[in-house]
Amino acid sequence: VNPGSNYLADFIWEFGLNGDTSSLTNPEYVYPAEGLYDVTLTAFTNKGCSNNITQTVEVFKQLIADFETVGVTCYGDSTKFVDKTNSFSIIKWNWEFNDTNNGTSTRKSPAYTFSNTGSYSVKLAVTNAIGCKSDTTKVIEIFEAPEARFLYSSQCIGAPTQFIDTSDSKGDSILIYYWNFGDGSPTIKYNNPRYIYDSIGNYTVSLKILTASG
């Protein structure tokens, strides 16, 4: 360097917190909390001259990706994912469902049908309007759907008709039975009911079951 020339020799950065400073030309600094911070840069020449500038830096709340699912999903049903990220302005969502179809989505809160039963590590990566990024991964369980079935014995008017549950719960336990006897009567919620019809005819009887997995 020419001894007679004038050039920048030193820098002092003041980050506006706890007296923290740096003498690097282009430093990095991690603020512990969101807020407004007055940052001052003072530059010194080799001749001892100096000048400074102060600007207010806004630090936003830490971006933490998060999501949840709605209800319990059985195989064959679509799983509804809801973005719960704590950010003022998300502009990008990238979902990876990690099943055999390698499913993905860029929607905020997508619905997805998994290729089979089992546990899946679902990843959500988000980016907000100022470029902050975050991701999270959660394990989602897809259950095998139970199969409701029953037998019955035809009876004469005035005699009880016996209904016998033969449902396949797929290894799960059945918590509730919903029997609809097709004649406008209230739903019965227990197993293997007996029911007396008031008049002869054909009735469409339905059985819905709820397992412990939902």
# chains A, B, ... in the order shown; residues from 1 in each chain; ligands from 1
>>> residues_around(residues="Ile176 (chain A)", least_positions_apart="3", cutoff="8 Å", atoms="only C-alpha atoms", output="list of chain:residue names")
A:Lys189, A:Tyr190, A:Ile209, A:Leu210, A:Thr211
>>> closest_atom_pairs(of="region 40-109 of chain A", to="region 16-28 of chain A", cutoff="10 Å", atoms="only C-alpha atoms", output="Markdown table")
| residue | atom | partner | partner_atom | distance |
| --- | --- | --- | --- | --- |
| A:Thr40 | CA | A:Gly16 | CA | 7.6 |
| A:Leu41 | CA | A:Ser22 | CA | 9.6 |
| A:Thr42 | CA | A:Ser23 | CA | 9.6 |
| A:Ala43 | CA | A:Thr25 | CA | 9.5 |
| A:Thr54 | CA | A:Gly16 | CA | 9.8 |
| A:Thr56 | CA | A:Gly16 | CA | 9.2 |
| A:Val57 | CA | A:Gly16 | CA | 9.4 |
>>> write_last_selection(atoms="N, CA, C and O atoms", output="short mmCIF file (atom, residue, chain, number, x, y, z; two decimals), in the first residue's frame")
data_model
loop_
_atom_site.label_atom_id
_atom_site.label_comp_id
_atom_site.auth_asym_id
_atom_site.auth_seq_id
_atom_site.Cartn_x
_atom_site.Cartn_y
_atom_site.Cartn_z
N THR A 40 -24.62 0.49 15.02
CA THR A 40 -23.74 1.57 14.59
C THR A 40 -22.45 0.99 14.00
O THR A 40 -21.83 0.10 14.59
N LEU A 41 -22.08 1.50 12.83
CA LEU A 41 -20.81 1.15 12.20
C LEU A 41 -19.92 2.39 12.18
O LEU A 41 -20.31 3.44 11.64
N THR A 42 -18.73 2.26 12.75
CA THR A 42 -17.73 3.33 12.70
C THR A 42 -16.54 2.84 11.88
O THR A 42 -15.98 1.77 12.17
N ALA A 43 -16.17 3.60 10.87
CA ALA A 43 -15.04 3.25 9.99
C ALA A 43 -13.89 4.22 10.22
O ALA A 43 -14.11 5.44 10.36
N THR A 54 -25.68 4.94 11.86
CA THR A 54 -26.53 4.10 12.72
C THR A 54 -27.82 3.78 11.98
O THR A 54 -28.46 4.68 11.43
N THR A 56 -31.47 1.18 12.26
CA THR A 56 -32.28 0.32 13.12
C THR A 56 -32.55 -1.01 12.41
O THR A 56 -33.06 -1.02 11.29
N VAL A 57 -32.18 -2.07 13.07
CA VAL A 57 -32.38 -3.42 12.53
C VAL A 57 -33.55 -4.07 13.26
O VAL A 57 -33.60 -4.05 14.49
#
>>> closest_atom_pairs(of="region 102-134 of chain A", to="region 144-152 of chain A", cutoff="9 Å", atoms="only C-alpha atoms", output="tab-separated table")
residue	atom	partner	partner_atom	distance
A:Asn116	CA	A:Glu144	CA	8.5
A:Thr117	CA	A:Glu144	CA	5.9
A:Gly118	CA	A:Glu144	CA	8.4
>>> residues_around(residues="Thr104 (chain A)", least_positions_apart="6", cutoff="12 Å", atoms="only C-alpha atoms", output="NGL selection string")
:A and (93-98 or 110-114 or 122-125)
>>> write_last_selection(atoms="N, CA and C atoms", output="short mmCIF file (atom, residue, chain, number, x, y, z; two decimals), in the first residue's frame")
data_model
loop_
_atom_site.label_atom_id
_atom_site.label_comp_id
_atom_site.auth_asym_id
_atom_site.auth_seq_id
_atom_site.Cartn_x
_atom_site.Cartn_y
_atom_site.Cartn_z
N TRP A 93 -44.50 -23.37 1.22
CA TRP A 93 -44.71 -24.60 2.00
C TRP A 93 -44.24 -25.77 1.14
N ASN A 94 -43.45 -26.63 1.72
CA ASN A 94 -43.01 -27.84 1.03
C ASN A 94 -43.24 -29.04 1.94
N TRP A 95 -44.20 -29.87 1.55
CA TRP A 95 -44.55 -31.07 2.31
C TRP A 95 -43.95 -32.29 1.63
N GLU A 96 -43.39 -33.19 2.45
CA GLU A 96 -42.92 -34.49 1.96
C GLU A 96 -43.58 -35.56 2.81
N PHE A 97 -44.38 -36.43 2.17
CA PHE A 97 -45.17 -37.41 2.91
C PHE A 97 -44.46 -38.75 3.07
N ASN A 98 -43.43 -38.97 2.29
CA ASN A 98 -42.52 -40.12 2.48
C ASN A 98 -43.22 -41.47 2.51
N PRO A 110 -52.62 -29.11 3.06
CA PRO A 110 -53.09 -30.07 2.06
C PRO A 110 -53.82 -31.27 2.68
N ALA A 111 -54.47 -32.02 1.84
CA ALA A 111 -55.01 -33.33 2.19
C ALA A 111 -54.27 -34.36 1.35
N TYR A 112 -53.96 -35.52 1.97
CA TYR A 112 -53.17 -36.52 1.26
C TYR A 112 -53.63 -37.91 1.63
N THR A 113 -53.71 -38.79 0.62
CA THR A 113 -54.08 -40.18 0.84
C THR A 113 -52.83 -41.05 0.73
N PHE A 114 -52.47 -41.68 1.83
CA PHE A 114 -51.25 -42.49 1.86
C PHE A 114 -51.45 -43.81 1.11
N VAL A 122 -43.59 -37.42 8.14
CA VAL A 122 -44.02 -36.33 7.27
C VAL A 122 -43.22 -35.07 7.62
N LYS A 123 -42.66 -34.44 6.60
CA LYS A 123 -41.82 -33.25 6.80
C LYS A 123 -42.49 -32.03 6.19
N LEU A 124 -42.48 -30.93 6.95
CA LEU A 124 -42.93 -29.62 6.46
C LEU A 124 -41.77 -28.64 6.54
N ALA A 125 -41.44 -28.01 5.42
CA ALA A 125 -40.44 -26.95 5.38
C ALA A 125 -41.13 -25.67 4.92
#
>>> select_by_dssp(residues="region 3-80 of chain A", states="strand (DSSP E)", output="ChimeraX atom specification")
/A:8-14,21-22,35-45,50-59,67-69,73-74,79-80
>>> atom_distance(atom1="CA of Phe181 (chain A)", atom2="CA of Thr204 (chain A)")
6.7 Å
>>> closest_residue(among="A:Ile91, A:Ala65, A:Ala9, A:Ile157", to="Asn202 (chain A)", atoms="only C-alpha atoms")
A:Ile157
>>> atom_distance(atom1="CA of Gly184 (chain A)", atom2="CA of Gln162 (chain A)")
18.2 Å
>>> residues_around(residues="Asn6 (chain A)", least_positions_apart="6", cutoff="9 Å", atoms="only C-alpha atoms", output="VMD selection string")
chain A and resid 45 to 47
>>> write_last_selection(atoms="all heavy atoms", output="tab-separated table (two decimals), in the first residue's frame")
chain	number	residue	atom	x	y	z
A	45	THR	N	-9.94	5.45	8.88
A	45	THR	CA	-8.92	5.39	7.83
A	45	THR	C	-7.55	5.27	8.45
A	45	THR	O	-7.37	5.43	9.66
A	45	THR	CB	-8.97	6.64	6.94
A	45	THR	OG1	-8.50	7.77	7.70
A	45	THR	CG2	-10.37	6.91	6.42
A	46	ASN	N	-6.60	4.98	7.61
A	46	ASN	CA	-5.21	4.88	8.07
A	46	ASN	C	-4.66	6.22	8.54
A	46	ASN	O	-3.63	6.27	9.23
A	46	ASN	CB	-4.33	4.30	6.97
A	46	ASN	CG	-4.30	5.21	5.75
A	46	ASN	OD1	-5.35	5.67	5.30
A	46	ASN	ND2	-3.12	5.43	5.20
A	47	LYS	N	-5.37	7.29	8.21
A	47	LYS	CA	-4.92	8.62	8.62
A	47	LYS	C	-5.57	9.05	9.94
A	47	LYS	O	-5.32	10.15	10.43
A	47	LYS	CB	-5.27	9.65	7.54
A	47	LYS	CG	-4.65	9.35	6.18
A	47	LYS	CD	-3.14	9.43	6.21
A	47	LYS	CE	-2.56	9.30	4.79
A	47	LYS	NZ	-1.07	9.39	4.80
>>> atom_distance(atom1="CA of Ala212 (chain A)", atom2="CA of Ser169 (chain A)")
9.7 Å
>>> closest_residue(among="A:Val70, A:Leu207, A:Val139, A:Ile196", to="Thr166 (chain A)", atoms="only C-alpha atoms")
A:Leu207
>>> closest_residue(among="A:Ser105, A:Ser199, A:Thr85, A:Asn52", to="Gly158 (chain A)", atoms="only C-alpha atoms")
A:Ser199
>>> residues_around(residues="region 126-130 of chain A", least_positions_apart="5", cutoff="10 Å", atoms="only C-alpha atoms", output="PyMOL selection string")
chain A and resi 60+63-66+83+85+87-95+106+108+135-136
>>> closest_residue(among="A:Ser50, A:Asn101, A:Ser213, A:Ser185", to="Lys170 (chain A)", atoms="only C-alpha atoms")
A:Ser213
>>> closest_residue(among="A:Asn192, A:Lys80, A:Cys156, A:Asp10", to="Tyr178 (chain A)", atoms="only C-alpha atoms")
A:Asn192
